[in-house]
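Chemist: Got a structure for you, input-v9.cif, holding mmCIF, C-alpha atoms; chains and numbers go by the auth columns.
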```cif
data_entry
loop_
_atom_site.group_PDB
_atom_site.id
_atom_site.type_symbol
_atom_site.label_atom_id
_atom_site.label_comp_id
_atom_site.label_asym_id
_atom_site.label_seq_id
_atom_site.Cartn_x
_atom_site.Cartn_y
_atom_site.Cartn_z
_atom_site.B_iso_or_equiv
_atom_site.auth_seq_id
_atom_site.auth_asym_id
ATOM 1 C CA MET A 1 0.000 0.000 0.000 0.00 1 A
ATOM 2 C CA MET A 2 1.289 3.451 -0.897 0.00 2 A
ATOM 3 C CA THR A 3 2.267 5.669 2.043 0.00 3 A
ATOM 4 C CA GLU A 4 1.031 9.243 2.454 0.00 4 A
ATOM 5 C CA GLU A 5 4.554 10.478 1.788 0.00 5 A
ATOM 6 C CA SER A 6 4.672 8.572 -1.497 0.00 6 A
ATOM 7 C CA LYS A 7 1.270 9.944 -2.507 0.00 7 A
ATOM 8 C CA LYS A 8 2.410 13.503 -1.810 0.00 8 A
ATOM 9 C CA ARG A 9 5.605 12.947 -3.799 0.00 9 A
ATOM 10 C CA LEU A 10 3.669 11.593 -6.784 0.00 10 A
ATOM 11 C CA THR A 11 1.207 14.484 -6.591 0.00 11 A
ATOM 12 C CA LYS A 12 4.108 16.933 -6.665 0.00 12 A
ATOM 13 C CA ILE A 13 5.658 15.151 -9.648 0.00 13 A
ATOM 14 C CA ALA A 14 2.306 15.192 -11.454 0.00 14 A
ATOM 15 C CA ARG A 15 1.971 18.952 -10.926 0.00 15 A
ATOM 16 C CA GLN A 16 5.507 19.530 -12.193 0.00 16 A
ATOM 17 C CA LYS A 17 4.905 17.422 -15.298 0.00 17 A
ATOM 18 C CA MET A 18 1.630 19.200 -16.010 0.00 18 A
ATOM 19 C CA ALA A 19 3.370 22.567 -15.764 0.00 19 A
ATOM 20 C CA LEU A 20 6.086 21.381 -18.145 0.00 20 A
ATOM 21 C CA ARG A 21 3.557 19.998 -20.623 0.00 21 A
ATOM 22 C CA SER A 22 1.619 23.253 -20.576 0.00 22 A
ATOM 23 C CA SER A 23 4.785 25.224 -21.288 0.00 23 A
ATOM 24 C CA LEU A 24 5.665 22.987 -24.245 0.00 24 A
ATOM 25 C CA TRP A 25 2.134 22.807 -25.703 0.00 25 A
ATOM 26 C CA PRO A 26 0.431 25.988 -24.421 0.00 26 A
ATOM 27 C CA THR A 27 -2.525 25.774 -26.830 0.00 27 A
ATOM 28 C CA LEU A 28 -3.202 22.073 -26.336 0.00 28 A
ATOM 29 C CA ASP A 29 -6.846 21.025 -26.099 0.00 29 A
ATOM 30 C CA ASP A 30 -6.776 17.890 -23.950 0.00 30 A
ATOM 31 C CA LYS A 31 -9.880 16.497 -25.637 0.00 31 A
ATOM 32 C CA PHE A 32 -7.407 15.105 -28.177 0.00 32 A
ATOM 33 C CA LEU A 33 -5.615 13.140 -25.440 0.00 33 A
ATOM 34 C CA TRP A 34 -6.565 9.796 -23.966 0.00 34 A
ATOM 35 C CA MET A 35 -7.597 10.522 -20.378 0.00 35 A
ATOM 36 C CA ARG A 36 -8.396 7.667 -18.016 0.00 36 A
ATOM 37 C CA GLU A 37 -10.820 9.770 -16.000 0.00 37 A
ATOM 38 C CA ARG A 38 -13.174 10.196 -18.941 0.00 38 A
ATOM 39 C CA SER A 39 -12.488 7.029 -20.937 0.00 39 A
ATOM 40 C CA ASP A 40 -13.670 3.446 -20.649 0.00 40 A
ATOM 41 C CA GLY A 41 -11.818 0.299 -21.670 0.00 41 A
ATOM 42 C CA TRP A 42 -8.712 0.542 -19.484 0.00 42 A
ATOM 43 C CA LEU A 43 -7.060 -1.599 -16.815 0.00 43 A
ATOM 44 C CA SER A 44 -4.127 -1.598 -14.392 0.00 44 A
ATOM 45 C CA VAL A 45 -0.640 -2.208 -15.808 0.00 45 A
ATOM 46 C CA PRO A 46 2.656 -2.205 -13.855 0.00 46 A
ATOM 47 C CA ARG A 47 4.812 0.767 -14.839 0.00 47 A
ATOM 48 C CA ALA A 48 7.737 -1.627 -15.227 0.00 48 A
ATOM 49 C CA MET A 49 5.866 -3.707 -17.811 0.00 49 A
ATOM 50 C CA PRO A 50 8.142 -2.728 -20.763 0.00 50 A
ATOM 51 C CA LEU A 51 11.187 -4.040 -18.899 0.00 51 A
ATOM 52 C CA LEU A 52 9.339 -7.118 -17.643 0.00 52 A
ATOM 53 C CA MET A 53 8.367 -7.907 -21.239 0.00 53 A
ATOM 54 C CA GLN A 54 11.963 -7.483 -22.379 0.00 54 A
ATOM 55 C CA LEU A 55 13.155 -9.882 -19.687 0.00 55 A
ATOM 56 C CA MET A 56 10.610 -12.554 -20.609 0.00 56 A
ATOM 57 C CA ASP A 57 11.619 -12.254 -24.271 0.00 57 A
ATOM 58 C CA ASN A 58 15.239 -12.776 -23.227 0.00 58 A
ATOM 59 C CA LEU A 59 14.180 -15.929 -21.400 0.00 59 A
ATOM 60 C CA SER A 60 12.255 -17.331 -24.367 0.00 60 A
ATOM 61 C CA LYS A 61 15.378 -17.913 -26.487 0.00 61 A
ATOM 62 C CA GLY A 62 14.588 -16.255 -29.800 0.00 62 A
ATOM 63 C CA LYS A 63 10.823 -16.806 -29.710 0.00 63 A
ATOM 64 C CA PRO A 64 9.370 -13.536 -28.367 0.00 64 A
ATOM 65 C CA VAL A 65 6.441 -14.040 -26.030 0.00 65 A
ATOM 66 C CA SER A 66 5.803 -10.507 -24.794 0.00 66 A
ATOM 67 C CA SER A 67 3.157 -9.581 -27.375 0.00 67 A
ATOM 68 C CA ALA A 68 1.104 -12.668 -26.514 0.00 68 A
ATOM 69 C CA TYR A 69 1.607 -11.958 -22.804 0.00 69 A
ATOM 70 C CA PHE A 70 0.504 -8.348 -23.067 0.00 70 A
ATOM 71 C CA ASP A 71 -2.591 -9.303 -25.044 0.00 71 A
ATOM 72 C CA LEU A 72 -3.496 -11.731 -22.254 0.00 72 A
ATOM 73 C CA TRP A 73 -2.954 -9.002 -19.667 0.00 73 A
ATOM 74 C CA CYS A 74 -5.208 -6.610 -21.588 0.00 74 A
ATOM 75 C CA ARG A 75 -8.005 -9.205 -21.554 0.00 75 A
ATOM 76 C CA THR A 76 -8.128 -9.409 -17.761 0.00 76 A
ATOM 77 C CA TYR A 77 -10.387 -7.365 -15.516 0.00 77 A
ATOM 78 C CA ASP A 78 -7.720 -6.851 -12.856 0.00 78 A
ATOM 79 C CA ASP A 79 -8.318 -10.479 -11.846 0.00 79 A
ATOM 80 C CA SER A 80 -5.354 -12.157 -13.627 0.00 80 A
ATOM 81 C CA PHE A 81 -7.766 -14.558 -15.365 0.00 81 A
ATOM 82 C CA ILE A 82 -8.660 -15.047 -19.032 0.00 82 A
ATOM 83 C CA VAL A 83 -11.146 -17.300 -20.793 0.00 83 A
ATOM 84 C CA GLY A 84 -9.376 -18.505 -23.927 0.00 84 A
ATOM 85 C CA ASN A 85 -12.376 -18.718 -26.227 0.00 85 A
ATOM 86 C CA LYS A 86 -11.033 -16.504 -29.031 0.00 86 A
ATOM 87 C CA ALA A 87 -7.817 -18.170 -30.147 0.00 87 A
ATOM 88 C CA ARG A 88 -7.822 -16.706 -33.648 0.00 88 A
ATOM 89 C CA GLU A 89 -8.442 -13.187 -32.391 0.00 89 A
ATOM 90 C CA MET A 90 -5.866 -13.533 -29.623 0.00 90 A
ATOM 91 C CA ALA A 91 -3.285 -14.738 -32.133 0.00 91 A
ATOM 92 C CA TYR A 92 -4.000 -11.770 -34.406 0.00 92 A
ATOM 93 C CA PHE A 93 -3.832 -9.241 -31.575 0.00 93 A
ATOM 94 C CA SER A 94 -0.523 -10.795 -30.538 0.00 94 A
ATOM 95 C CA GLY A 95 0.883 -10.094 -34.005 0.00 95 A
ATOM 96 C CA PHE A 96 0.558 -13.534 -35.592 0.00 96 A
ATOM 97 C CA THR A 97 -1.111 -13.834 -38.993 0.00 97 A
ATOM 98 C CA GLY A 98 -1.387 -16.373 -41.772 0.00 98 A
ATOM 99 C CA GLU A 99 -2.139 -20.073 -41.751 0.00 99 A
ATOM 100 C CA ARG A 100 0.156 -20.789 -38.805 0.00 100 A
ATOM 101 C CA ALA A 101 -1.058 -17.876 -36.676 0.00 101 A
ATOM 102 C CA GLU A 102 -2.970 -19.882 -34.077 0.00 102 A
ATOM 103 C CA ARG A 103 -0.314 -22.566 -33.923 0.00 103 A
ATOM 104 C CA THR A 104 2.421 -19.975 -33.391 0.00 104 A
ATOM 105 C CA TRP A 105 0.341 -18.249 -30.729 0.00 105 A
ATOM 106 C CA ALA A 106 -0.237 -21.570 -28.954 0.00 106 A
ATOM 107 C CA SER A 107 3.509 -22.224 -28.957 0.00 107 A
ATOM 108 C CA ARG A 108 4.120 -18.849 -27.306 0.00 108 A
ATOM 109 C CA ILE A 109 1.486 -19.631 -24.691 0.00 109 A
ATOM 110 C CA ARG A 110 3.277 -22.914 -24.013 0.00 110 A
ATOM 111 C CA ILE A 111 6.577 -21.062 -23.536 0.00 111 A
ATOM 112 C CA LEU A 112 4.957 -18.583 -21.141 0.00 112 A
ATOM 113 C CA ALA A 113 3.563 -21.504 -19.149 0.00 113 A
ATOM 114 C CA ASP A 114 6.913 -23.315 -19.141 0.00 114 A
ATOM 115 C CA LEU A 115 8.610 -20.139 -17.895 0.00 115 A
ATOM 116 C CA GLY A 116 6.051 -19.834 -15.093 0.00 116 A
ATOM 117 C CA PHE A 117 4.526 -16.515 -16.135 0.00 117 A
ATOM 118 C CA ILE A 118 1.114 -18.093 -16.671 0.00 118 A
ATOM 119 C CA ASP A 119 -0.772 -21.302 -16.032 0.00 119 A
ATOM 120 C CA VAL A 120 -3.174 -22.913 -18.479 0.00 120 A
ATOM 121 C CA ALA A 121 -6.150 -25.216 -17.986 0.00 121 A
ATOM 122 C CA GLU A 122 -8.048 -27.185 -20.598 0.00 122 A
ATOM 123 C CA GLY A 123 -11.782 -27.021 -21.122 0.00 123 A
ATOM 124 C CA PRO A 124 -14.450 -26.680 -23.818 0.00 124 A
ATOM 125 C CA ASN A 125 -12.130 -24.697 -26.103 0.00 125 A
ATOM 126 C CA GLY A 126 -9.312 -27.222 -25.993 0.00 126 A
ATOM 127 C CA PRO A 127 -5.966 -27.224 -24.174 0.00 127 A
ATOM 128 C CA ILE A 128 -5.946 -23.421 -23.876 0.00 128 A
ATOM 129 C CA SER A 129 -9.408 -22.785 -22.457 0.00 129 A
ATOM 130 C CA TYR A 130 -8.460 -20.875 -19.312 0.00 130 A
ATOM 131 C CA LEU A 131 -5.363 -18.867 -18.445 0.00 131 A
ATOM 132 C CA LEU A 132 -4.034 -17.490 -15.171 0.00 132 A
ATOM 133 C CA ILE A 133 -1.352 -14.790 -15.001 0.00 133 A
ATOM 134 C CA TYR A 134 1.071 -14.877 -12.078 0.00 134 A
ATOM 135 C CA ASN A 135 2.731 -11.776 -10.633 0.00 135 A
ATOM 136 C CA PRO A 136 5.502 -11.130 -13.206 0.00 136 A
ATOM 137 C CA TYR A 137 7.795 -9.509 -10.632 0.00 137 A
ATOM 138 C CA LYS A 138 7.872 -12.704 -8.583 0.00 138 A
ATOM 139 C CA VAL A 139 8.413 -14.881 -11.648 0.00 139 A
ATOM 140 C CA VAL A 140 11.342 -12.739 -12.784 0.00 140 A
ATOM 141 C CA LYS A 141 12.830 -12.879 -9.285 0.00 141 A
ATOM 142 C CA ALA A 142 12.642 -16.686 -9.332 0.00 142 A
ATOM 143 C CA HIS A 143 14.433 -16.800 -12.698 0.00 143 A
ATOM 144 C CA TYR A 144 17.104 -14.434 -11.408 0.00 144 A
ATOM 145 C CA LYS A 145 17.715 -16.586 -8.339 0.00 145 A
ATOM 146 C CA ALA A 146 18.037 -19.596 -10.652 0.00 146 A
ATOM 147 C CA GLY A 147 20.708 -17.778 -12.673 0.00 147 A
ATOM 148 C CA ARG A 148 18.661 -17.313 -15.840 0.00 148 A
ATOM 149 C CA ILE A 149 18.541 -13.491 -15.728 0.00 149 A
ATOM 150 C CA ASN A 150 21.743 -11.469 -15.643 0.00 150 A
ATOM 151 C CA GLU A 151 22.665 -8.808 -13.101 0.00 151 A
ATOM 152 C CA ALA A 152 22.225 -5.926 -15.538 0.00 152 A
ATOM 153 C CA GLY A 153 18.628 -6.789 -16.361 0.00 153 A
ATOM 154 C CA PHE A 154 17.638 -7.558 -12.789 0.00 154 A
ATOM 155 C CA ASN A 155 19.315 -4.444 -11.390 0.00 155 A
ATOM 156 C CA ALA A 156 17.534 -2.327 -14.000 0.00 156 A
ATOM 157 C CA LEU A 157 14.243 -3.801 -12.814 0.00 157 A
ATOM 158 C CA ARG A 158 15.078 -3.166 -9.167 0.00 158 A
ATOM 159 C CA GLN A 159 15.949 0.443 -9.946 0.00 159 A
ATOM 160 C CA ARG A 160 12.689 0.931 -11.806 0.00 160 A
ATOM 161 C CA MET A 161 10.722 -0.634 -8.959 0.00 161 A
ATOM 162 C CA ILE A 162 12.298 1.775 -6.483 0.00 162 A
ATOM 163 C CA GLU A 163 11.403 4.699 -8.749 0.00 163 A
ATOM 164 C CA ILE A 164 7.744 3.676 -8.978 0.00 164 A
ATOM 165 C CA GLY A 165 7.394 2.383 -5.420 0.00 165 A
ATOM 166 C CA ALA A 166 6.726 -1.254 -6.358 0.00 166 A
ATOM 167 C CA GLN A 167 7.498 -3.679 -3.520 0.00 167 A
ATOM 168 C CA ASP A 168 6.398 -6.977 -5.078 0.00 168 A
ATOM 169 C CA MET A 169 9.825 -8.593 -4.718 0.00 169 A
ATOM 170 C CA ASP A 170 10.434 -7.562 -1.109 0.00 170 A
ATOM 171 C CA LYS A 171 8.767 -10.590 0.468 0.00 171 A
ATOM 172 C CA GLU A 172 10.583 -13.920 0.370 0.00 172 A
ATOM 173 C CA ASP A 173 7.852 -15.891 -1.313 0.00 173 A
ATOM 174 C CA SER A 174 7.570 -17.588 -4.671 0.00 174 A
ATOM 175 C CA THR A 175 5.032 -18.027 -7.418 0.00 175 A
ATOM 176 C CA PRO A 176 2.400 -20.458 -6.086 0.00 176 A
ATOM 177 C CA GLU A 177 2.079 -23.856 -7.666 0.00 177 A
ATOM 178 C CA PRO A 178 -1.035 -24.094 -9.838 0.00 178 A
ATOM 179 C CA SER A 179 -3.969 -25.891 -8.285 0.00 179 A
ATOM 180 C CA LYS A 180 -3.937 -29.642 -8.725 0.00 180 A
ATOM 181 C CA GLY A 181 -7.531 -30.281 -7.728 0.00 181 A
ATOM 182 C CA SER A 182 -9.452 -33.292 -8.951 0.00 182 A
ATOM 183 C CA ASN A 183 -11.052 -31.269 -11.735 0.00 183 A
ATOM 184 C CA ARG A 184 -7.700 -30.279 -13.276 0.00 184 A
ATOM 185 C CA LYS A 185 -4.759 -32.189 -14.687 0.00 185 A
ATOM 186 C CA SER A 186 -1.205 -31.704 -13.519 0.00 186 A
ATOM 187 C CA VAL A 187 0.887 -28.878 -14.919 0.00 187 A
ATOM 188 C CA GLN A 188 3.091 -31.274 -16.875 0.00 188 A
ATOM 189 C CA SER A 189 0.079 -33.063 -18.330 0.00 189 A
ATOM 190 C CA ARG A 190 -1.420 -29.794 -19.549 0.00 190 A
ATOM 191 C CA ARG A 191 1.915 -28.766 -21.043 0.00 191 A
ATOM 192 C CA ASN A 192 2.105 -32.091 -22.872 0.00 192 A
ATOM 193 C CA ASN A 193 -1.354 -31.412 -24.284 0.00 193 A
ATOM 194 C CA LEU A 194 -0.234 -27.974 -25.423 0.00 194 A
ATOM 195 C CA ALA A 195 2.893 -29.394 -27.006 0.00 195 A
ATOM 196 C CA GLY A 196 0.894 -31.991 -28.893 0.00 196 A
ATOM 197 C CA ALA A 197 -1.866 -29.678 -30.034 0.00 197 A
ATOM 198 C CA LYS A 198 -1.523 -29.025 -33.742 0.00 198 A
ATOM 199 C CA LYS A 199 -4.067 -26.255 -33.611 0.00 199 A
ATOM 200 C CA PRO A 200 -5.917 -24.512 -30.773 0.00 200 A
ATOM 201 C CA ALA A 201 -9.660 -24.894 -30.621 0.00 201 A
ATOM 202 C CA GLU A 202 -11.670 -22.675 -32.905 0.00 202 A
ATOM 203 C CA GLN A 203 -12.895 -19.513 -31.243 0.00 203 A
ATOM 204 C CA ASN A 204 -16.509 -19.209 -30.197 0.00 204 A
ATOM 205 C CA LYS A 205 -18.674 -17.274 -32.543 0.00 205 A
#
```
Take the structure in the file and write it out as structure tokens.
Modeler:
Amino acid sequence: MMTEESKKRLTKIARQKMALRSSLWPTLDDKFLWMRERSDGWLSVPRAMPLLMQLMDNLSKGKPVSSAYFDLWCRTYDDSFIVGNKAREMAYFSGFTGERAERTWASRIRILADLGFIDVAEGPNGPISYLLIYNPYKVVKAHYKAGRINEAGFNALRQRMIEIGAQDMDKEDSTPEPSKGSNRKSVQSRRNNLAGAKKPAEQNK
């Protein structure tokens, strides 16, 4: 939770930035700007997301996953949960087109699951019916501790977190293991299904 001191500091920074913007664009009509206060269709995104996405792409060994990840994030309602019933659309929004679009998208989802950034459960739309997004800060920390992220990248993230007041990596906990209830298969079993799927299920009309 943000302290009163942090709130005051951010308010001061906001006033300073507004003054600077007004001096640079004195005749600006802000109706041409996207303003959260008067717009719908927005959600919460960590300010360090660009760096987090860069780090996950570095981990994916030449097969960028960040566009698929960010599309998933933008489909949540601040609940870290997505119903995967629009595979073709999700592939397109992630930047994949052509005959292999859905297959390529599914492979990126598999990589994200293998890296621990998400978990996937099967259902009526095939192996990728439901998706859960874990806290990316904690996943990156786990990869760093395992030696898969270098000092430069991790230190850059820590610096950015200090700047924005994020404290997600302060506690000594780890990404929780996905549920293994009787109504769901094991993580490895679901990953095997993903690996063997030639094509994700068709999206619902």
Chemist: Listing only residues of range 33-58 of chain A within 8 Å of range 64-83 of chain A, what is the closest atom pair and its distance in Å (to one decimal) for each, using only C-alpha atoms, sorted by chain and residue number ascending, as a tab-separated table?
Modeler:
```
residue	atom	partner	partner_atom	distance
A:Leu43	CA	A:Asp78	CA	6.6
A:Ser44	CA	A:Asp78	CA	6.5
A:Met53	CA	A:Ser66	CA	5.1
A:Gln54	CA	A:Ser66	CA	7.3
A:Met56	CA	A:Ser66	CA	6.7
A:Asp57	CA	A:Pro64	CA	4.8
A:Asn58	CA	A:Pro64	CA	7.8
```
Chemist: Expressed in Å to a single decimal, how great is the separation between CA of Arg158 in chain A and CA of Leu131 in chain A?
Modeler: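 Separation of CA of Arg158 in chain A and CA of Leu131 in chain A: 27.4 Å.
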Chemist: Between CA of Asp119 in chain A and CA of Met169 in chain A, what distance in Å does the model show, to one decimal?
Modeler: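 Between CA of Asp119 in chain A and CA of Met169 in chain A the gap works out to 20.0 Å.
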Chemist: How close does each residue of range 112-171 of chain A get to range 8-15 of chain A, giving the shortest atom pair and distance in Å to one decimal for every residue with an atom at most 12 Å away, counting all atoms listed in the file, sorted by chain and residue number, as JSON lines?
Modeler:
```
{"residue": "A:Glu163", "atom": "CA", "partner": "A:Leu10", "partner_atom": "CA", "distance": 10.5}
{"residue": "A:Ile164", "atom": "CA", "partner": "A:Leu10", "partner_atom": "CA", "distance": 9.2}
{"residue": "A:Gly165", "atom": "CA", "partner": "A:Leu10", "partner_atom": "CA", "distance": 10.0}
```
Chemist: What separation in Å, quoted to one decimal, exists between CA of Tyr144 in chain A and CA of Leu157 in chain A?
Modeler: 11.1 Å
Chemist: Nearest to Asn125 in chain A: which of A:Asn85, A:Glu151, A:Met161, A:His143 is it, counting all atoms listed in the file?
Modeler: A:Asn85
Chemist: Let me make sure I understand: among A:Gly84, A:Asp170, A:Leu115, A:Phe96, which one has the smallest atom-to-atom distance to Ser129 in chain A if we use only C-alpha atoms?
Modeler: A:Gly84
Chemist: Looking at all atoms listed in the file, which of A:Arg47, A:Lys31, A:Arg21, A:Lys63 is the one that sits closest to Ile109 in chain A?
Modeler: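 Looking at the shortest contact to Ile109 in chain A, the residue is A:Lys63.
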Chemist: Of the candidates A:Leu52, A:Ala101, A:Ile111, A:Leu33, which shows the shortest atom-to-atom distance to Asn135 in chain A, using all atoms listed in the file?
Modeler: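 Answer, going by the shortest atom-to-atom distance: A:Leu52.
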Chemist: May I ask which of the residues A:Ala48, A:Lys141, A:Asn150, A:Thr97 is the closest one to Ile162 in chain A, counting all atoms listed in the file?
Modeler: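 With all atoms listed in the file as the atom set, the closest residue is A:Ala48.
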Chemist: Nearest to Met90 in chain A: which of A:Ser22, A:Asn155, A:Ile128, A:Val45 is it, counting only C-alpha atoms?
Modeler: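 Comparing A:Ser22, A:Asn155, A:Ile128, A:Val45 against Met90 in chain A, the winner is A:Ile128.
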Chemist: Kindly add N, CA and C atoms to the incomplete range 47-65 of chain A and provide the output as a CSV table (one decimal), in the coordinates of the input.
Modeler:
```csv
chain,number,residue,atom,x,y,z
A,47,ARG,N,4.0,-0.2,-14.1
A,47,ARG,CA,4.8,0.8,-14.8
A,47,ARG,C,6.1,0.1,-15.4
A,48,ALA,N,6.5,-0.9,-14.8
A,48,ALA,CA,7.7,-1.6,-15.2
A,48,ALA,C,7.4,-2.7,-16.3
A,49,MET,N,6.2,-2.7,-16.8
A,49,MET,CA,5.9,-3.7,-17.8
A,49,MET,C,6.8,-3.8,-19.0
A,50,PRO,N,7.2,-2.6,-19.6
A,50,PRO,CA,8.1,-2.7,-20.8
A,50,PRO,C,9.4,-3.5,-20.5
A,51,LEU,N,10.0,-3.3,-19.3
A,51,LEU,CA,11.2,-4.0,-18.9
A,51,LEU,C,10.9,-5.5,-18.6
A,52,LEU,N,9.8,-5.7,-17.9
A,52,LEU,CA,9.3,-7.1,-17.6
A,52,LEU,C,9.2,-7.9,-18.9
A,53,MET,N,8.6,-7.3,-19.9
A,53,MET,CA,8.4,-7.9,-21.2
A,53,MET,C,9.7,-8.2,-21.9
A,54,GLN,N,10.6,-7.3,-21.8
A,54,GLN,CA,12.0,-7.5,-22.4
A,54,GLN,C,12.7,-8.7,-21.7
A,55,LEU,N,12.5,-8.8,-20.4
A,55,LEU,CA,13.2,-9.9,-19.7
A,55,LEU,C,12.5,-11.2,-20.1
A,56,MET,N,11.2,-11.3,-20.2
A,56,MET,CA,10.6,-12.6,-20.6
A,56,MET,C,11.0,-12.9,-22.0
A,57,ASP,N,11.2,-11.9,-22.9
A,57,ASP,CA,11.6,-12.3,-24.3
A,57,ASP,C,13.0,-12.8,-24.2
A,58,ASN,N,13.9,-12.3,-23.4
A,58,ASN,CA,15.2,-12.8,-23.2
A,58,ASN,C,15.2,-14.2,-22.8
A,59,LEU,N,14.3,-14.6,-21.9
A,59,LEU,CA,14.2,-15.9,-21.4
A,59,LEU,C,13.6,-16.9,-22.4
A,60,SER,N,12.9,-16.4,-23.4
A,60,SER,CA,12.3,-17.3,-24.4
A,60,SER,C,13.1,-17.8,-25.5
A,61,LYS,N,14.4,-17.4,-25.5
A,61,LYS,CA,15.4,-17.9,-26.5
A,61,LYS,C,15.0,-17.8,-28.0
A,62,GLY,N,14.8,-16.5,-28.4
A,62,GLY,CA,14.6,-16.3,-29.8
A,62,GLY,C,13.2,-16.4,-30.3
A,63,LYS,N,12.2,-16.7,-29.4
A,63,LYS,CA,10.8,-16.8,-29.7
A,63,LYS,C,10.0,-15.8,-28.8
A,64,PRO,N,10.0,-14.6,-29.2
A,64,PRO,CA,9.4,-13.5,-28.4
A,64,PRO,C,8.0,-13.9,-27.9
A,65,VAL,N,7.7,-13.7,-26.6
A,65,VAL,CA,6.4,-14.0,-26.0
A,65,VAL,C,5.7,-12.8,-25.5
```
